[in-house]
file protein.csv (CSV, C-alpha atoms)
chain,number,residue,atom,x,y,z
A,21,MET,CA,-19.9,-7.9,20.9
A,22,ASP,CA,-21.9,-6.6,17.9
A,23,LYS,CA,-20.0,-6.2,14.6
A,24,ILE,CA,-19.3,-2.6,13.5
A,25,VAL,CA,-19.0,-3.5,9.8
A,26,ASP,CA,-21.1,-5.8,7.6
A,27,PHE,CA,-18.6,-7.0,5.0
A,28,GLN,CA,-21.2,-9.2,3.3
A,29,ASN,CA,-23.4,-6.3,2.0
A,30,THR,CA,-22.6,-6.5,-1.7
A,31,GLU,CA,-25.2,-3.9,-2.6
A,32,ILE,CA,-23.1,-1.3,-0.7
A,33,ALA,CA,-19.8,-2.8,-1.8
A,34,PHE,CA,-20.6,-2.6,-5.5
A,35,ALA,CA,-23.1,0.3,-5.7
A,36,SER,CA,-20.7,2.3,-7.8
A,37,LYS,CA,-20.1,-0.5,-10.4
A,38,SER,CA,-22.3,-0.9,-13.5
A,39,ASN,CA,-23.4,-4.4,-14.6
A,40,THR,CA,-20.7,-4.2,-17.3
A,41,GLU,CA,-18.0,-3.4,-14.8
A,42,LEU,CA,-19.1,-6.2,-12.6
A,43,THR,CA,-18.9,-8.7,-15.4
A,44,ARG,CA,-15.5,-7.4,-16.5
A,45,ALA,CA,-14.2,-7.7,-12.9
A,46,ARG,CA,-15.5,-11.2,-12.6
A,47,LEU,CA,-13.9,-12.3,-15.8
A,48,LEU,CA,-10.5,-10.9,-14.7
A,49,PHE,CA,-10.6,-12.7,-11.4
A,50,GLU,CA,-11.6,-15.9,-13.2
A,51,ILE,CA,-8.3,-15.6,-15.1
A,52,LEU,CA,-6.4,-14.7,-11.9
A,53,LYS,CA,-7.7,-17.9,-10.3
A,54,ASN,CA,-5.4,-20.0,-12.6
A,55,LYS,CA,-1.9,-19.7,-11.2
A,56,GLN,CA,-0.2,-21.4,-14.2
A,57,LEU,CA,-2.0,-19.2,-16.6
A,58,VAL,CA,-1.0,-16.1,-14.6
A,59,ASN,CA,2.7,-17.1,-14.4
A,60,PHE,CA,2.7,-17.9,-18.2
A,61,SER,CA,0.9,-14.6,-19.1
A,62,ASN,CA,3.3,-12.5,-16.9
A,63,LYS,CA,6.4,-14.0,-18.7
A,64,LEU,CA,4.8,-13.6,-22.1
A,65,LEU,CA,3.8,-10.0,-21.6
A,66,GLN,CA,7.3,-9.0,-20.3
A,67,TRP,CA,8.9,-10.8,-23.2
A,68,ALA,CA,6.5,-9.1,-25.7
A,69,LEU,CA,7.2,-5.7,-24.2
A,70,ALA,CA,11.0,-6.3,-24.3
A,71,LEU,CA,10.6,-7.1,-28.0
A,72,LYS,CA,8.5,-3.9,-28.4
A,73,LEU,CA,5.5,-5.9,-29.7
A,74,PRO,CA,2.2,-3.9,-29.7
A,75,VAL,CA,0.7,-5.5,-26.5
A,76,GLU,CA,0.3,-2.5,-24.3
A,77,TRP,CA,-3.3,-2.1,-25.4
A,78,ILE,CA,-4.1,-5.6,-24.0
A,79,ILE,CA,-2.6,-4.7,-20.6
A,80,LYS,CA,-4.3,-1.3,-20.6
A,81,ALA,CA,-7.7,-2.8,-21.3
A,82,THR,CA,-7.5,-5.5,-18.7
A,83,VAL,CA,-5.3,-5.5,-15.5
A,84,PHE,CA,-4.3,-1.9,-15.9
A,85,LYS,CA,-7.8,-0.7,-16.2
A,86,HIS,CA,-8.9,-2.7,-13.2
A,87,PHE,CA,-6.0,-2.0,-10.8
A,88,CYS,CA,-4.7,1.5,-11.9
A,89,GLY,CA,-6.0,5.0,-12.3
A,90,GLY,CA,-4.3,6.0,-15.5
A,91,VAL,CA,-1.0,7.0,-16.9
A,92,SER,CA,-0.9,10.5,-15.2
A,93,LEU,CA,-2.4,12.4,-12.3
A,94,GLU,CA,-4.8,14.1,-14.6
A,95,GLN,CA,-6.1,10.8,-15.9
A,96,CYS,CA,-6.8,9.6,-12.3
A,97,ALA,CA,-9.1,12.6,-11.6
A,98,PRO,CA,-12.4,10.9,-12.8
A,99,LEU,CA,-11.7,7.8,-10.6
A,100,VAL,CA,-10.9,10.1,-7.6
A,101,ARG,CA,-14.2,11.9,-8.0
A,102,LYS,CA,-16.1,8.6,-8.3
A,103,LEU,CA,-14.6,7.3,-5.1
A,104,ASN,CA,-15.3,10.6,-3.3
A,105,GLU,CA,-19.0,10.4,-4.2
A,106,SER,CA,-19.1,7.2,-2.1
A,107,GLY,CA,-17.2,8.7,0.8
A,108,VAL,CA,-13.9,7.0,-0.1
A,109,TYR,CA,-10.6,8.9,-0.3
A,110,ALA,CA,-7.9,8.3,-2.9
A,111,ILE,CA,-4.1,7.8,-2.5
A,112,LEU,CA,-2.3,8.3,-5.8
A,113,ASP,CA,0.9,6.3,-6.2
A,114,HIS,CA,3.3,6.7,-9.1
A,115,SER,CA,4.1,3.0,-9.2
A,116,VAL,CA,7.4,3.1,-11.1
A,117,GLU,CA,10.1,0.6,-10.2
A,118,GLY,CA,13.4,-0.7,-11.3
A,119,GLN,CA,15.1,2.6,-12.2
A,120,ASP,CA,18.8,3.2,-11.4
A,121,SER,CA,20.0,6.5,-12.6
A,122,GLU,CA,20.5,9.7,-10.6
A,123,GLU,CA,18.6,11.7,-13.2
A,124,GLN,CA,15.6,9.3,-12.9
A,125,PHE,CA,15.7,9.5,-9.1
A,126,ASP,CA,15.7,13.3,-9.2
A,127,GLN,CA,12.8,13.2,-11.7
A,128,ASN,CA,10.9,10.9,-9.4
A,129,THR,CA,11.5,13.2,-6.5
A,130,ARG,CA,9.9,16.0,-8.5
A,131,LEU,CA,7.0,13.8,-9.4
A,132,ILE,CA,6.5,12.9,-5.7
A,133,GLN,CA,6.5,16.5,-4.8
A,134,GLU,CA,3.9,17.1,-7.5
A,135,GLU,CA,1.8,14.3,-5.9
A,136,ILE,CA,2.1,16.1,-2.6
A,137,ARG,CA,0.9,19.4,-4.1
A,138,ASN,CA,-1.9,17.6,-5.9
A,139,ALA,CA,-3.1,15.9,-2.7
A,140,ALA,CA,-2.8,19.1,-0.7
A,141,SER,CA,-5.1,20.9,-3.2
A,142,ASN,CA,-7.6,18.1,-3.4
A,143,ASP,CA,-9.7,17.2,-0.3
A,144,GLY,CA,-10.5,13.9,-1.9
A,145,VAL,CA,-6.9,12.7,-1.9
A,146,ALA,CA,-5.8,11.6,1.6
A,147,PHE,CA,-2.1,10.8,1.3
A,148,ALA,CA,0.8,11.1,-1.0
A,149,VAL,CA,3.1,8.0,-1.2
A,150,PHE,CA,6.5,7.0,-2.4
A,151,LYS,CA,8.8,3.9,-2.6
A,152,PRO,CA,12.3,4.3,-1.3
A,153,THR,CA,13.8,2.7,-4.4
A,154,SER,CA,12.0,5.2,-6.6
A,155,ILE,CA,14.5,7.8,-5.3
A,156,GLY,CA,17.6,5.6,-4.8
A,157,ARG,CA,19.2,2.3,-5.8
A,158,LEU,CA,18.2,-0.8,-3.9
A,159,GLU,CA,21.8,-1.7,-3.7
A,160,THR,CA,22.7,1.5,-1.9
A,161,PHE,CA,19.9,0.9,0.7
A,162,GLU,CA,21.1,-2.7,1.0
A,163,LEU,CA,24.7,-1.7,1.6
A,164,LEU,CA,23.7,0.7,4.4
A,165,THR,CA,21.4,-1.9,5.9
A,166,LYS,CA,24.4,-4.3,6.2
A,167,ASP,CA,26.8,-1.6,7.4
A,168,PRO,CA,25.2,1.5,8.7
A,169,THR,CA,28.6,3.3,8.8
A,170,ALA,CA,29.2,2.9,5.1
A,171,GLU,CA,27.8,6.2,4.0
A,172,SER,CA,28.5,7.5,0.5
A,173,LEU,CA,27.9,10.4,-1.8
A,174,GLU,CA,25.1,8.4,-3.4
A,175,PHE,CA,23.4,7.8,0.0
A,176,ASN,CA,23.8,11.4,0.9
A,177,ARG,CA,21.8,12.3,-2.2
A,178,ILE,CA,19.1,9.9,-1.2
A,179,LYS,CA,18.9,11.6,2.2
A,180,GLU,CA,18.6,15.0,0.5
A,181,ARG,CA,15.7,13.7,-1.6
A,182,TYR,CA,14.0,12.3,1.5
A,183,PHE,CA,14.2,15.6,3.4
A,184,SER,CA,13.3,17.6,0.3
A,185,ILE,CA,10.1,15.5,0.1
A,186,GLY,CA,9.5,15.9,3.8
A,187,GLU,CA,9.9,19.6,3.6
A,188,THR,CA,7.3,19.8,0.8
A,189,ALA,CA,4.9,17.7,2.8
A,190,LYS,CA,5.4,19.7,6.0
A,191,THR,CA,5.0,23.1,4.2
A,192,LEU,CA,1.7,22.0,2.7
A,193,ASN,CA,0.6,20.1,5.8
A,194,GLN,CA,0.0,17.0,3.7
A,195,ARG,CA,0.3,13.5,5.0
A,196,ILE,CA,2.7,11.2,3.1
A,197,MET,CA,3.4,7.4,3.4
A,198,ILE,CA,6.6,5.7,2.7
A,199,ASP,CA,6.2,2.1,1.3
A,200,GLY,CA,8.0,-0.9,2.6
A,201,GLU,CA,10.2,-3.0,0.4
A,202,GLU,CA,12.6,-6.0,0.6
A,203,SER,CA,13.8,-7.0,4.0
A,204,TRP,CA,17.5,-6.9,3.1
A,205,MET,CA,17.3,-3.1,2.4
A,206,GLN,CA,14.6,-2.1,4.8
A,207,ALA,CA,16.6,-1.1,7.9
A,208,SER,CA,18.3,1.9,6.2
A,209,ALA,CA,15.1,3.0,4.7
A,210,ASP,CA,13.4,2.8,8.1
A,211,GLU,CA,16.2,4.9,9.6
A,212,LEU,CA,15.6,7.7,7.1
A,213,ALA,CA,11.8,7.5,7.6
A,214,LEU,CA,12.3,7.8,11.4
A,215,ALA,CA,14.7,10.7,10.9
A,216,LEU,CA,11.9,12.5,8.9
A,217,MET,CA,9.4,11.9,11.7
A,218,GLU,CA,11.8,13.3,14.3
A,219,ARG,CA,12.0,16.5,12.3
A,220,PHE,CA,8.4,16.8,10.9
A,221,ASN,CA,6.1,14.9,13.2
A,222,GLN,CA,6.3,17.2,16.2
A,223,GLU,CA,2.7,18.6,16.5
A,224,GLU,CA,0.9,16.1,14.2
A,225,VAL,CA,1.7,13.1,12.0
A,226,ILE,CA,2.8,14.1,8.5
A,227,ILE,CA,5.1,11.2,7.8
A,228,TYR,CA,4.0,7.5,8.0
A,229,ASN,CA,6.3,4.6,7.5
A,230,THR,CA,5.2,1.1,6.5
A,231,LEU,CA,5.7,-2.0,8.7
A,232,GLN,CA,5.3,-5.3,6.9
A,233,MET,CA,3.9,-7.7,9.5
A,234,TYR,CA,4.8,-10.9,7.6
A,235,LEU,CA,8.4,-10.2,8.6
A,236,ALA,CA,9.1,-12.2,11.8
A,237,ASP,CA,10.9,-9.3,13.5
A,238,SER,CA,8.2,-6.7,12.8
A,239,TYR,CA,6.7,-6.6,16.3
A,240,GLU,CA,10.2,-5.9,17.9
A,241,ARG,CA,10.8,-3.2,15.3
A,242,LEU,CA,7.5,-1.6,16.2
A,243,GLU,CA,8.4,-1.6,19.9
A,244,ALA,CA,11.7,0.1,19.0
A,245,TRP,CA,10.0,2.7,16.9
A,246,ILE,CA,7.6,3.5,19.8
A,247,GLU,CA,10.4,3.8,22.3
A,248,ARG,CA,12.4,6.1,19.9
A,249,ALA,CA,9.3,8.3,19.4
A,250,LYS,CA,8.9,8.6,23.2
A,251,SER,CA,12.5,9.3,23.9
A,252,GLN,CA,12.9,11.8,21.1
A,253,ASN,CA,9.5,13.2,21.7
A,254,PHE,CA,7.9,12.9,18.2
A,255,LYS,CA,4.7,11.4,16.9
A,256,LEU,CA,4.8,8.1,15.0
A,257,GLY,CA,2.9,7.3,11.9
A,258,VAL,CA,2.7,3.6,11.1
A,259,LYS,CA,1.1,2.0,8.0
A,260,PHE,CA,0.4,-1.7,8.8
A,261,VAL,CA,0.4,-4.2,5.9
A,262,ARG,CA,1.0,-7.9,5.8
A,263,GLY,CA,3.5,-7.6,2.9
A,264,ALA,CA,3.9,-7.8,-0.9
A,265,TYR,CA,7.2,-9.5,-1.5
A,266,MET,CA,6.7,-13.0,-0.1
A,267,GLU,CA,7.8,-14.9,-3.2
A,268,LYS,CA,10.9,-12.7,-3.6
A,269,GLU,CA,11.7,-13.0,0.1
A,270,ARG,CA,11.7,-16.8,0.0
A,271,ALA,CA,13.7,-16.9,-3.2
A,272,TYR,CA,16.3,-14.5,-1.7
A,273,ALA,CA,16.6,-16.6,1.5
A,274,LYS,CA,17.1,-19.8,-0.6
A,275,LYS,CA,19.7,-18.1,-2.8
A,276,MET,CA,21.6,-16.7,0.3
A,277,ARG,CA,21.1,-20.0,2.2
A,278,ILE,CA,19.6,-18.1,5.2
A,279,PRO,CA,16.3,-18.5,7.1
A,280,SER,CA,13.5,-16.6,5.4
A,281,ALA,CA,12.6,-13.3,7.0
A,282,VAL,CA,8.9,-14.1,6.5
A,283,CYS,CA,6.8,-15.7,9.2
A,284,VAL,CA,6.5,-19.5,9.0
A,285,SER,CA,2.7,-19.4,8.3
A,286,LYS,CA,-0.2,-17.2,7.3
A,287,GLU,CA,-1.6,-17.8,10.8
A,288,ALA,CA,1.6,-16.4,12.3
A,289,THR,CA,1.4,-13.4,10.1
A,290,ASP,CA,-2.2,-12.7,11.0
A,291,GLU,CA,-1.4,-13.0,14.7
A,292,LEU,CA,1.5,-10.7,14.4
A,293,PHE,CA,-0.5,-8.1,12.4
A,294,ASP,CA,-3.3,-8.0,15.0
A,295,LYS,CA,-0.8,-7.9,17.9
A,296,GLY,CA,1.1,-5.0,16.3
A,297,VAL,CA,-2.1,-3.0,15.7
A,298,ALA,CA,-3.2,-3.6,19.2
A,299,LEU,CA,0.1,-2.3,20.6
A,300,ALA,CA,-0.2,0.9,18.5
A,301,PHE,CA,-3.6,1.6,19.9
A,302,GLU,CA,-2.1,1.6,23.4
A,303,TYR,CA,-0.4,4.9,22.5
A,304,PRO,CA,-3.3,7.1,21.3
A,305,GLU,CA,-1.4,10.4,21.9
A,306,ARG,CA,1.8,9.1,20.3
A,307,VAL,CA,0.9,6.8,17.3
A,308,SER,CA,-1.3,7.3,14.3
A,309,ILE,CA,-2.3,4.2,12.4
A,310,PHE,CA,-3.1,3.4,8.7
A,311,LEU,CA,-4.3,-0.2,8.2
A,312,GLY,CA,-3.6,-1.4,4.7
A,313,THR,CA,-5.4,-4.7,4.8
A,314,HIS,CA,-7.7,-6.9,2.8
A,315,ASN,CA,-8.4,-9.0,5.8
A,316,GLU,CA,-12.0,-8.6,7.2
A,317,LYS,CA,-11.2,-10.0,10.7
A,318,SER,CA,-8.2,-7.6,11.2
A,319,THR,CA,-10.3,-4.7,9.9
A,320,GLU,CA,-13.2,-5.5,12.3
A,321,LYS,CA,-10.7,-5.9,15.2
A,322,ALA,CA,-9.2,-2.5,14.5
A,323,ALA,CA,-12.6,-0.8,14.1
A,324,GLN,CA,-13.5,-2.2,17.6
A,325,LEU,CA,-10.2,-0.9,19.0
A,326,ALA,CA,-10.8,2.5,17.5
A,327,LEU,CA,-14.3,2.6,19.0
A,328,LYS,CA,-12.9,1.5,22.4
A,329,THR,CA,-9.9,3.9,22.3
A,330,TYR,CA,-11.5,7.0,20.8
A,331,GLY,CA,-15.2,6.5,21.2
A,332,VAL,CA,-15.6,6.7,17.4
A,333,VAL,CA,-14.5,4.7,14.4
A,334,ASN,CA,-13.5,7.7,12.3
A,335,HIS,CA,-10.9,9.3,14.5
A,336,PRO,CA,-8.2,11.3,12.6
A,337,ASN,CA,-5.5,8.9,14.1
A,338,VAL,CA,-7.1,5.9,12.4
A,339,TRP,CA,-7.2,5.2,8.6
A,340,PHE,CA,-8.1,2.1,6.6
A,341,GLY,CA,-7.0,1.4,3.0
A,342,GLN,CA,-7.3,-1.2,0.3
A,343,LEU,CA,-5.8,-1.4,-3.2
A,344,GLN,CA,-7.8,-0.2,-6.1
A,345,GLY,CA,-9.6,-3.1,-7.8
A,346,MET,CA,-9.6,-5.3,-4.6
A,347,SER,CA,-11.7,-5.9,-1.5
A,348,ASP,CA,-14.5,-3.4,-2.3
A,349,GLN,CA,-16.7,-5.1,0.4
A,350,ILE,CA,-14.2,-3.8,3.0
A,351,THR,CA,-13.7,-0.3,1.5
A,352,TYR,CA,-17.3,0.7,0.8
A,353,ASN,CA,-18.8,-0.9,3.9
A,354,LEU,CA,-16.2,0.9,6.0
A,355,SER,CA,-17.2,4.1,4.3
A,356,HIS,CA,-20.9,3.3,5.1
A,357,VAL,CA,-20.1,3.4,8.8
A,358,LYS,CA,-18.2,6.7,8.3
A,359,ALA,CA,-14.7,5.3,8.8
A,360,SER,CA,-11.8,7.1,7.1
A,361,VAL,CA,-11.0,4.8,4.3
A,362,ALA,CA,-9.0,5.2,1.1
A,363,LYS,CA,-8.2,3.3,-2.1
A,364,LEU,CA,-4.5,3.2,-3.2
A,365,ILE,CA,-4.5,3.9,-6.9
A,366,PRO,CA,-1.3,3.2,-8.9
A,367,TYR,CA,-0.7,5.3,-12.0
A,368,GLY,CA,2.1,5.7,-14.6
A,369,PRO,CA,3.1,4.5,-18.0
A,370,VAL,CA,1.9,1.0,-18.7
A,371,LYS,CA,5.4,-0.5,-19.2
A,372,GLU,CA,6.7,1.2,-16.1
A,373,VAL,CA,3.8,0.0,-13.9
A,374,LEU,CA,4.1,-3.6,-15.2
A,375,PRO,CA,6.2,-4.8,-12.2
A,376,TYR,CA,3.4,-3.6,-9.8
A,377,LEU,CA,0.7,-5.3,-12.0
A,378,VAL,CA,2.8,-8.6,-12.0
A,379,ARG,CA,2.9,-8.5,-8.2
A,380,ARG,CA,-0.8,-7.9,-8.0
A,381,ALA,CA,-1.5,-10.9,-10.2
A,382,GLU,CA,0.9,-13.1,-8.3
A,383,GLU,CA,-0.5,-11.9,-5.0
A,384,ASN,CA,-4.1,-12.9,-6.0
A,385,THR,CA,-2.9,-16.3,-7.0
A,386,SER,CA,-0.7,-16.9,-4.0
A,387,ILE,CA,-2.8,-15.6,-1.1
A,388,ALA,CA,-5.1,-18.4,0.0
A,389,GLY,CA,-8.7,-17.5,-0.8
A,390,GLN,CA,-8.2,-14.0,-2.1
A,391,THR,CA,-9.4,-14.5,-5.7
A,392,GLY,CA,-12.1,-16.9,-4.5
A,393,ARG,CA,-13.5,-14.2,-2.1
A,394,GLU,CA,-13.5,-11.6,-4.9
A,395,LEU,CA,-15.3,-14.0,-7.2
A,396,LYS,CA,-17.9,-15.1,-4.6
A,397,LEU,CA,-18.8,-11.5,-3.8
A,398,LEU,CA,-19.1,-10.5,-7.5
A,399,ARG,CA,-21.3,-13.5,-8.2
A,400,THR,CA,-23.5,-12.7,-5.2
A,401,GLU,CA,-24.0,-9.2,-6.3
A,402,GLN,CA,-24.8,-10.2,-9.9
A,403,LYS,CA,-27.3,-12.7,-8.6
A,404,ARG,CA,-28.9,-10.1,-6.3
A,405,ARG,CA,-29.3,-7.7,-9.2
A,406,SER,CA,-30.8,-10.3,-11.5
A,407,SER,CA,-33.4,-11.5,-8.9
call {"tool": "encode", "arguments": {"input": "protein.csv", "output": "structure tokens"}}
result
Amino acid sequence: MDKIVDFQNTEIAFASKSNTELTRARLLFEILKNKQLVNFSNKLLQWALALKLPVEWIIKATVFKHFCGGVSLEQCAPLVRKLNESGVYAILDHSVEGQDSEEQFDQNTRLIQEEIRNAASNDGVAFAVFKPTSIGRLETFELLTKDPTAESLEFNRIKERYFSIGETAKTLNQRIMIDGEESWMQASADELALALMERFNQEEVIIYNTLQMYLADSYERLEAWIERAKSQNFKLGVKFVRGAYMEKERAYAKKMRIPSAVCVSKEATDELFDKGVALAFEYPERVSIFLGTHNEKSTEKAAQLALKTYGVVNHPNVWFGQLQGMSDQITYNLSHVKASVAKLIPYGPVKEVLPYLVRRAEENTSIAGQTGRELKLLRTEQKRRSS
């Protein structure tokens, strides 16, 4: 079967980048290639920020500039326009973590609703997005995951925030994705997401929930979601990702002396990801899909399934997405074949976005071949331009 997407076309992948931008990206990934240096730098930066040393400008000029859109929605606007010029949509994510006060959660709810309004008024922004722990304490989700009957006033406030966000999205007919987080809090967050879908995903998919396929039970959870959508007669929105908390998951399992929730190998995760996506495509009238992946093989398989299922790659039920600053060979070559594809763009104050940036740096050093692939493609394009 002929391939739908040519991921090796670096001319298309980097058409929007200047020579200076290519060089800067290459230097950054050269640094990210060194795991010991990354780990040391992460600790050093967090220590320096804690002591209020003037290092924010270093972060802002390097990893923040590469992986983020700015400190505010307004600062993201030029990047959104630049992406749109290449047929790529944007997803703006206020990537703030680690907050724990009710006032902060209420403020974040208002910011998420602002994101929804911004997306609804901008054709170039495809989805709004939020993290469960941006509007409620992780410990509260964890408690309800362990004991679903242990409701509290605090959890009731979280539910109110969820449904307030859902109402805003539904009123403006704006798609919104809910991120996945740690396995030990995820079941209660999933339950809230499915409750939103029951209410708001009647005629079309407004709410998408994230399924992290590196979790060994993810396929069974997907089956249960599909059965619930069928029995309660609502449409299901699923964002498929491999997962972003692998080191944390393994450390938690070791601490708690329990088996890790993560698949035993990268190969097992890849197999589960493709198996889950294939299952979702079996329900074209029921399930809408967003594939958040940097894996070329999984992307090509999904494109083939879309063509087989819908007759086209760019059907409204099928979206692809990659993180800003990574896997441009996937994003722009998908756009070239008219697939619906978006870049997820984190934004927010540098200090507050730092946990996200640390994860991105750790991900690039821990995922086999990720940094090497980025470097190879950047070098190939530089060589092509100089020839």
call {"tool": "closest_residue", "arguments": {"input": "protein.csv", "among": "A:Phe183, A:Phe125, A:Phe293, A:Trp204", "to": "Tyr239 (chain A)", "atoms": "all atoms listed in the file"}}
result
A:Phe293
call {"tool": "closest_residue", "arguments": {"input": "protein.csv", "among": "A:Asn29, A:Gln222, A:Asn334, A:Asn39", "to": "Asn253 (chain A)", "atoms": "all atoms listed in the file"}}
result
A:Gln222
call {"tool": "residues_around", "arguments": {"input": "protein.csv", "residues": "region 113-123 of chain A", "least_positions_apart": "5", "cutoff": "7 Å", "atoms": "all atoms listed in the file", "output": "list of chain:residue names"}}
result
A:Val149, A:Phe150, A:Ser154, A:Arg157, A:Leu364, A:Ile365, A:Pro366, A:Tyr367, A:Gly368, A:Glu372, A:Val373, A:Pro375, A:Tyr376
call {"tool": "write_last_selection", "arguments": {"input": "protein.csv", "atoms": "C-alpha atoms", "output": "short mmCIF file (atom, residue, chain, number, x, y, z; two decimals), in the coordinates of the input"}}
result
data_model
loop_
_atom_site.label_atom_id
_atom_site.label_comp_id
_atom_site.auth_asym_id
_atom_site.auth_seq_id
_atom_site.Cartn_x
_atom_site.Cartn_y
_atom_site.Cartn_z
CA VAL A 149 3.10 8.00 -1.20
CA PHE A 150 6.50 7.00 -2.40
CA SER A 154 12.00 5.20 -6.60
CA ARG A 157 19.20 2.30 -5.80
CA LEU A 364 -4.50 3.20 -3.20
CA ILE A 365 -4.50 3.90 -6.90
CA PRO A 366 -1.30 3.20 -8.90
CA TYR A 367 -0.70 5.30 -12.00
CA GLY A 368 2.10 5.70 -14.60
CA GLU A 372 6.70 1.20 -16.10
CA VAL A 373 3.80 0.00 -13.90
CA PRO A 375 6.20 -4.80 -12.20
CA TYR A 376 3.40 -3.60 -9.80
#
call {"tool": "residues_near_point", "arguments": {"input": "protein.csv", "point": "(10.5, -11.7, -0.1)", "cutoff": "9 Å", "atoms": "only C-alpha atoms", "output": "ChimeraX atom specification"}}
result
/A:201-203,263-273,280-282
call {"tool": "residues_around", "arguments": {"input": "protein.csv", "residues": "Phe260 (chain A)", "least_positions_apart": "5", "cutoff": "9 Å", "atoms": "only C-alpha atoms", "output": "ChimeraX atom specification"}}
result
/A:229-233,293,296-297,309-313
